[in-house]
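For reference, query08.pdb is printed below; it contains PDB, C-alpha atoms.
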```
ATOM      1  CA  MET A  24      96.876 108.971 100.318
ATOM      2  CA  ALA A  25      99.590 106.933 101.972
ATOM      3  CA  THR A  26     100.538 103.278 101.614
ATOM      4  CA  LEU A  27     101.178 100.568 104.161
ATOM      5  CA  ASN A  28     103.514  97.717 103.184
ATOM      6  CA  VAL A  29     102.436  94.431 104.762
ATOM      7  CA  LYS A  30     104.440  91.175 104.742
ATOM      8  CA  LEU A  31     103.568  87.856 106.356
ATOM      9  CA  ASN A  32     105.865  84.830 106.527
ATOM     10  CA  LEU A  33     104.601  81.554 108.024
ATOM     11  CA  ALA A  34     107.220  78.799 108.238
ATOM     12  CA  SER A  35     107.177  75.496 110.066
ATOM     13  CA  ARG A  36     109.867  72.856 110.342
ATOM     14  CA  GLY A  37     109.890  69.569 112.190
ATOM     15  CA  GLY A  38     106.907  67.685 113.646
ATOM     16  CA  GLY A  39     103.897  67.916 111.394
ATOM     17  CA  THR A  40     103.373  69.210 107.902
ATOM     18  CA  PRO A  41     106.093  71.560 106.605
ATOM     19  CA  LEU A  42     104.789  75.045 105.895
ATOM     20  CA  ASN A  43     106.258  77.946 103.960
ATOM     21  CA  ILE A  44     103.861  80.783 103.088
ATOM     22  CA  ASN A  45     105.017  84.256 102.079
ATOM     23  CA  VAL A  46     102.433  86.939 101.304
ATOM     24  CA  SER A  47     102.850  90.678 100.799
ATOM     25  CA  ASP A  48     100.624  93.565  99.827
ATOM     26  CA  ILE A  49     100.691  97.332  99.537
ATOM     27  CA  LEU A  50      97.585  98.814 101.160
ATOM     28  CA  THR A  51      96.273 102.306 100.447
ATOM     29  CA  VAL A  52      95.452 104.079 103.721
ATOM     30  CA  THR A  53      94.202 107.483 104.827
ATOM     31  CA  ASN A  54      93.260 109.355 108.002
ATOM     32  CA  PRO A  55      92.193 108.777 110.656
ATOM     33  CA  ALA A  56      95.181 106.652 111.617
ATOM     34  CA  VAL A  57      97.211 105.994 114.763
ATOM     35  CA  GLY A  58     100.833 104.886 114.453
ATOM     36  CA  ALA A  59     102.539 102.472 116.848
ATOM     37  CA  SER A  60     101.242 103.298 120.327
ATOM     38  CA  ARG A  61     101.210 101.660 123.759
ATOM     39  CA  VAL A  62      98.355 101.242 126.188
ATOM     40  CA  SER A  63      97.761  99.374 129.461
ATOM     41  CA  ALA A  64      94.598  97.302 129.298
ATOM     42  CA  THR A  65      92.604  96.717 132.474
ATOM     43  CA  THR A  66      89.888  94.185 133.243
ATOM     44  CA  THR A  67      87.317  96.752 132.077
ATOM     45  CA  GLY A  68      87.206  96.643 128.265
ATOM     46  CA  ASN A  69      85.554 100.008 127.668
ATOM     47  CA  ALA A  70      88.400 101.652 129.600
ATOM     48  CA  THR A  71      90.883 100.754 126.818
ATOM     49  CA  ILE A  72      89.442 101.791 123.453
ATOM     50  CA  ILE A  73      92.089 101.541 120.719
ATOM     51  CA  ALA A  74      89.975 102.251 117.640
ATOM     52  CA  PRO A  75      87.175 104.794 118.071
ATOM     53  CA  SER A  76      83.692 104.368 116.628
ATOM     54  CA  VAL A  77      84.038 105.291 112.953
ATOM     55  CA  ASP A  78      82.012 103.945 110.041
ATOM     56  CA  ALA A  79      85.071 102.958 108.011
ATOM     57  CA  GLU A  80      87.183  99.936 107.099
ATOM     58  CA  ARG A  81      90.393  99.822 109.121
ATOM     59  CA  PHE A  82      93.551  97.746 109.345
ATOM     60  CA  ILE A  83      94.354  96.944 112.987
ATOM     61  CA  TYR A  84      97.658  95.767 114.504
ATOM     62  CA  ILE A  85      97.760  94.561 118.146
ATOM     63  CA  ARG A  86     100.596  92.924 120.147
ATOM     64  CA  HIS A  87     100.679  91.629 123.743
ATOM     65  CA  LEU A  88     103.986  92.991 125.122
ATOM     66  CA  GLY A  89     104.271  90.528 128.021
ATOM     67  CA  LEU A  90     104.322  93.367 130.578
ATOM     68  CA  ASP A  91     101.946  94.791 133.170
ATOM     69  CA  SER A  92     101.185  98.501 133.571
ATOM     70  CA  SER A  93     104.295  99.034 135.749
ATOM     71  CA  GLY A  94     106.567  97.448 133.127
ATOM     72  CA  ALA A  95     107.069  94.222 135.125
ATOM     73  CA  LYS A  96     107.017  90.907 133.293
ATOM     74  CA  ASN A  97     103.486  89.513 132.816
ATOM     75  CA  THR A  98     103.348  86.325 130.778
ATOM     76  CA  THR A  99     100.299  84.762 132.447
ATOM     77  CA  ASP A 100      97.475  87.239 131.784
ATOM     78  CA  LYS A 101      95.864  87.263 128.340
ATOM     79  CA  LEU A 102      94.858  90.253 126.223
ATOM     80  CA  LYS A 103      91.283  90.084 124.936
ATOM     81  CA  VAL A 104      90.228  91.963 121.786
ATOM     82  CA  GLU A 105      86.550  92.945 121.737
ATOM     83  CA  THR A 106      84.021  95.047 119.867
ATOM     84  CA  GLY A 107      82.392  97.954 121.685
ATOM     85  CA  ASP A 108      79.486  95.777 122.766
ATOM     86  CA  GLY A 109      81.841  93.228 124.341
ATOM     87  CA  VAL A 110      81.840  90.636 121.554
ATOM     88  CA  HIS A 111      85.068  88.645 121.855
ATOM     89  CA  ILE A 112      87.155  88.665 118.630
ATOM     90  CA  ALA A 113      90.513  87.264 119.752
ATOM     91  CA  GLU A 114      92.736  86.534 122.716
ATOM     92  CA  LEU A 115      96.505  87.064 122.698
ATOM     93  CA  ARG A 116      99.152  85.569 124.993
ATOM     94  CA  ALA A 117     102.446  87.279 125.818
ATOM     95  CA  GLY A 118     104.451  87.949 122.657
ATOM     96  CA  GLU A 119     101.591  87.165 120.281
ATOM     97  CA  PHE A 120     100.259  89.675 117.765
ATOM     98  CA  MET A 121      97.538  90.064 115.173
ATOM     99  CA  PHE A 122      96.847  92.123 112.065
ATOM    100  CA  LEU A 123      93.340  92.226 110.662
ATOM    101  CA  PRO A 124      91.110  94.211 108.348
ATOM    102  CA  TYR A 125      88.229  95.327 110.570
ATOM    103  CA  TYR A 126      84.761  96.498 109.615
ATOM    104  CA  ASP A 127      81.494  95.170 110.983
ATOM    105  CA  GLY A 128      79.174  97.189 108.753
ATOM    106  CA  ASN A 129      78.537  99.852 111.369
ATOM    107  CA  ALA A 130      80.356 102.566 113.252
ATOM    108  CA  SER A 131      81.981 100.229 115.750
ATOM    109  CA  LEU A 132      84.886 100.674 118.118
ATOM    110  CA  LEU A 133      87.530  98.154 119.157
ATOM    111  CA  GLN A 134      88.682  97.715 122.749
ATOM    112  CA  LEU A 135      91.206  95.693 124.747
ATOM    113  CA  GLU A 136      90.698  93.947 128.067
ATOM    114  CA  ALA A 137      93.122  92.080 130.342
ATOM    115  CA  SER A 138      92.026  88.635 131.557
ATOM    116  CA  ALA A 139      93.351  89.682 134.995
ATOM    117  CA  ASN A 140      95.474  92.509 136.430
ATOM    118  CA  THR A 141      96.843  94.750 133.630
ATOM    119  CA  VAL A 142      98.508  94.015 130.292
ATOM    120  CA  GLN A 143     100.577  96.395 128.150
ATOM    121  CA  ALA A 144      99.771  96.280 124.458
ATOM    122  CA  GLU A 145     101.171  97.884 121.338
ATOM    123  CA  TYR A 146      98.661  98.834 118.651
ATOM    124  CA  ALA A 147      98.152 100.829 115.497
ATOM    125  CA  TYR A 148      95.307 101.327 113.074
ATOM    126  CA  PHE A 149      94.961 102.692 109.577
ATOM    127  CA  THR A 150      91.821 103.574 107.649
ATOM    128  CA  ARG A 151      91.471 101.939 104.244
ATOM    129  CA  GLY A 152      91.867 104.540 101.491
TER     130      GLY A 152
END
```
Will you turn the file into C-alpha coordinates for me?
Amino acid sequence: MATLNVKLNLASRGGGTPLNINVSDILTVTNPAVGASRVSATTTGNATIIAPSVDAERFIYIRHLGLDSSGAKNTTDKLKVETGDGVHIAELRAGEFMFLPYYDGNASLLQLEASANTVQAEYAYFTRG
(Lines of atoms letter the chains of each structure in order from A and count residues from 1; the text may use other names and numbers.)
(Lines give C-alpha, C1' and ligand atoms only; values in the text may rest on other atoms or scores of the structure.)
Protein backbone atom coordinates (compact mmCIF):
# COMPACT_ATOMS: atom_id res chain seq x y z
CA MET A 1 0.00 0.00 0.00
CA ALA A 2 1.05 3.56 -0.68
CA THR A 3 0.71 6.71 1.42
CA LEU A 4 -0.58 10.16 0.61
CA ASN A 5 0.78 13.09 2.62
CA VAL A 6 -1.87 15.77 3.16
CA LYS A 7 -1.27 19.25 4.62
CA LEU A 8 -3.76 22.06 5.11
CA ASN A 9 -2.90 25.59 6.26
CA LEU A 10 -5.67 28.13 6.88
CA ALA A 11 -4.45 31.61 7.80
CA SER A 12 -6.29 34.90 8.00
CA ARG A 13 -4.99 38.36 8.80
CA GLY A 14 -6.78 41.67 8.97
CA GLY A 15 -10.54 42.29 9.12
CA GLY A 16 -12.27 39.74 11.28
CA THR A 17 -11.04 37.06 13.61
CA PRO A 18 -7.40 36.02 13.12
CA LEU A 19 -7.05 32.40 12.06
CA ASN A 20 -4.07 30.06 11.97
CA ILE A 21 -4.84 26.35 11.53
CA ASN A 22 -2.26 23.80 10.41
CA VAL A 23 -3.29 20.16 9.99
CA SER A 24 -1.43 17.26 8.41
CA ASP A 25 -2.00 13.55 8.00
CA ILE A 26 -0.51 10.54 6.26
CA LEU A 27 -3.26 8.56 4.52
CA THR A 28 -2.91 4.93 3.46
CA VAL A 29 -4.16 4.50 -0.12
CA THR A 30 -4.43 1.71 -2.67
CA ASN A 31 -5.71 1.10 -6.20
CA PRO A 32 -7.78 2.12 -7.99
CA ALA A 33 -6.27 5.60 -8.07
CA VAL A 34 -5.86 8.37 -10.64
CA GLY A 35 -3.00 10.85 -10.27
CA ALA A 36 -3.21 14.52 -11.24
CA SER A 37 -5.28 14.68 -14.44
CA ARG A 38 -7.09 17.33 -16.46
CA VAL A 39 -10.57 17.28 -17.92
CA SER A 40 -12.90 19.78 -19.62
CA ALA A 41 -16.31 19.79 -17.98
CA THR A 42 -19.37 20.59 -20.09
CA THR A 43 -22.88 21.56 -19.06
CA THR A 44 -23.80 17.85 -19.09
CA GLY A 45 -22.59 16.33 -15.81
CA ASN A 46 -22.62 12.68 -16.85
CA ALA A 47 -20.26 13.56 -19.71
CA THR A 48 -17.44 14.32 -17.22
CA ILE A 49 -17.14 11.44 -14.74
CA ILE A 50 -13.97 11.79 -12.66
CA ALA A 51 -14.46 8.97 -10.16
CA PRO A 52 -16.15 5.82 -11.49
CA SER A 53 -18.81 3.89 -9.60
CA VAL A 54 -16.88 1.84 -7.04
CA ASP A 55 -18.09 0.72 -3.62
CA ALA A 56 -15.07 2.13 -1.79
CA GLU A 57 -13.98 5.11 0.29
CA ARG A 58 -11.95 7.57 -1.77
CA PHE A 59 -10.02 10.79 -1.28
CA ILE A 60 -10.89 13.29 -4.03
CA TYR A 61 -8.98 16.41 -5.12
CA ILE A 62 -10.60 18.89 -7.57
CA ARG A 63 -9.42 22.34 -8.76
CA HIS A 64 -11.08 24.85 -11.12
CA LEU A 65 -8.22 25.95 -13.43
CA GLY A 66 -9.86 29.18 -14.61
CA LEU A 67 -9.72 28.05 -18.26
CA ASP A 68 -12.19 26.86 -20.88
CA SER A 69 -11.69 23.78 -23.06
CA SER A 70 -9.57 25.75 -25.58
CA GLY A 71 -7.24 27.01 -22.84
CA ALA A 72 -8.64 30.57 -22.89
CA LYS A 73 -9.21 32.36 -19.61
CA ASN A 74 -12.59 31.55 -18.01
CA THR A 75 -13.11 33.12 -14.61
CA THR A 76 -16.90 33.55 -14.80
CA ASP A 77 -18.24 30.00 -15.17
CA LYS A 78 -18.41 27.80 -12.08
CA LEU A 79 -17.48 24.13 -11.73
CA LYS A 80 -20.19 22.01 -10.10
CA VAL A 81 -19.33 18.76 -8.29
CA GLU A 82 -22.15 16.21 -8.29
CA THR A 83 -22.95 12.60 -7.49
CA GLY A 84 -23.98 10.30 -10.33
CA ASP A 85 -27.64 11.04 -9.72
CA GLY A 86 -27.05 14.79 -10.02
CA VAL A 87 -26.98 15.66 -6.31
CA HIS A 88 -24.99 18.88 -5.94
CA ILE A 89 -22.04 18.55 -3.51
CA ALA A 90 -20.02 21.71 -4.15
CA GLU A 91 -19.39 24.56 -6.56
CA LEU A 92 -15.93 25.96 -7.31
CA ARG A 93 -14.97 29.33 -8.80
CA ALA A 94 -11.81 29.92 -10.82
CA GLY A 95 -8.72 29.08 -8.77
CA GLU A 96 -10.63 27.34 -5.99
CA PHE A 97 -10.02 23.72 -5.01
CA MET A 98 -11.32 21.05 -2.68
CA PHE A 99 -10.10 17.85 -1.05
CA LEU A 100 -12.61 15.51 0.53
CA PRO A 101 -13.03 11.95 1.73
CA TYR A 102 -15.92 10.61 -0.36
CA TYR A 103 -18.17 7.64 0.29
CA ASP A 104 -21.96 7.66 0.25
CA GLY A 105 -22.47 4.07 1.37
CA ASN A 106 -23.01 2.76 -2.14
CA ALA A 107 -21.14 2.30 -5.38
CA SER A 108 -21.44 5.92 -6.47
CA LEU A 109 -19.60 7.94 -9.08
CA LEU A 110 -18.56 11.59 -8.97
CA GLN A 111 -18.98 13.95 -11.92
CA LEU A 112 -18.21 17.55 -12.87
CA GLU A 113 -20.44 20.02 -14.68
CA ALA A 114 -19.80 23.56 -15.93
CA SER A 115 -22.39 26.20 -15.01
CA ALA A 116 -22.09 27.43 -18.62
CA ASN A 117 -19.76 26.85 -21.59
CA THR A 118 -16.79 24.62 -20.58
CA VAL A 119 -14.43 24.63 -17.60
CA GLN A 120 -11.04 22.91 -17.32
CA ALA A 121 -10.48 21.10 -14.04
CA GLU A 122 -7.60 19.25 -12.44
CA TYR A 123 -8.49 16.21 -10.35
CA ALA A 124 -7.12 13.13 -8.67
CA TYR A 125 -8.55 10.39 -6.53
CA PHE A 126 -7.14 7.73 -4.25
CA THR A 127 -8.87 4.75 -2.69
CA ARG A 128 -8.55 4.46 1.08
CA GLY A 129 -6.32 1.51 1.99
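Each of A:Arg36, A:Asn69, A:Ser60, A:Ser76 was compared to Asn129 in chain A using only C-alpha atoms, and A:Ser76 turns out to be the nearest.
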Pull out every residue that the PyMOL selection byres ((chain A and resi 45-59) around 12) matches in the shown coordinates and put them as a ChimeraX atom specification. /A:24-34,42-44,60-62,73-86,124,144-152
Suppose a student applies the PyMOL selection byres ((chain A and resi 112-115) around 7) to this structure; what residues should they get, written as a CSV table (one decimal) with C-alpha atoms, in the coordinates of the input?
```csv
chain,number,residue,atom,x,y,z
A,87,HIS,CA,100.7,91.6,123.7
A,101,LYS,CA,95.9,87.3,128.3
A,102,LEU,CA,94.9,90.3,126.2
A,103,LYS,CA,91.3,90.1,124.9
A,104,VAL,CA,90.2,92.0,121.8
A,105,GLU,CA,86.6,92.9,121.7
A,110,VAL,CA,81.8,90.6,121.6
A,111,HIS,CA,85.1,88.6,121.9
A,116,ARG,CA,99.2,85.6,125.0
A,117,ALA,CA,102.4,87.3,125.8
A,119,GLU,CA,101.6,87.2,120.3
A,120,PHE,CA,100.3,89.7,117.8
```
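Note that the spacing between CA of Thr67 in chain A and CA of Gly107 in chain A amounts to 11.6 Å.
Reported to one decimal place, the separation of CA of Ser63 in chain A from CA of Asp127 in chain A is 25.0 Å.
A straight line drawn from CA of Glu136 in chain A to CA of Asp108 in chain A is 12.5 Å long.
Distance annotation: of A:Ala70, A:Met121, A:Val142, A:Ala137, the residue with the minimal separation from Lys96 in chain A is A:Val142; atom set is only C-alpha atoms.
When all atoms listed in the file are used to measure the gap to Asp100 in chain A, the shortest distance among A:Asn140, A:Thr65, A:Ser131, A:Thr71 belongs to A:Asn140.
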Step by step, gather every atom of range 139-145 of chain A that the file lists, find the box along x, y and z that holds them, add 6 Å on each side, and finally give centre and edge lengths in Å to one decimal, as AutoDock Vina command-line options.
```
--center_x 97.3 --center_y 93.8 --center_z 128.9 --size_x 19.8 --size_y 20.2 --size_z 27.1
```
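Against the coordinates shown, the PyMOL selection byres ((chain A and resi 97) around 9) returns Leu88, Gly89, Leu90, Asp91, Gly94, Ala95, Lys96, Thr98, Thr99, Asp100, Ala117, Thr141, Val142 and Gln143 of chain A.
Closest approach to Thr106 in chain A among A:Tyr125, A:Thr40, A:Ser35, A:Ser138: A:Tyr125, based on all atoms listed in the file.
Using all atoms listed in the file for every distance, the candidate list A:Gly128, A:Leu123, A:Leu133, A:Ser92 yields A:Ser92 as the residue closest to Ala64 in chain A.
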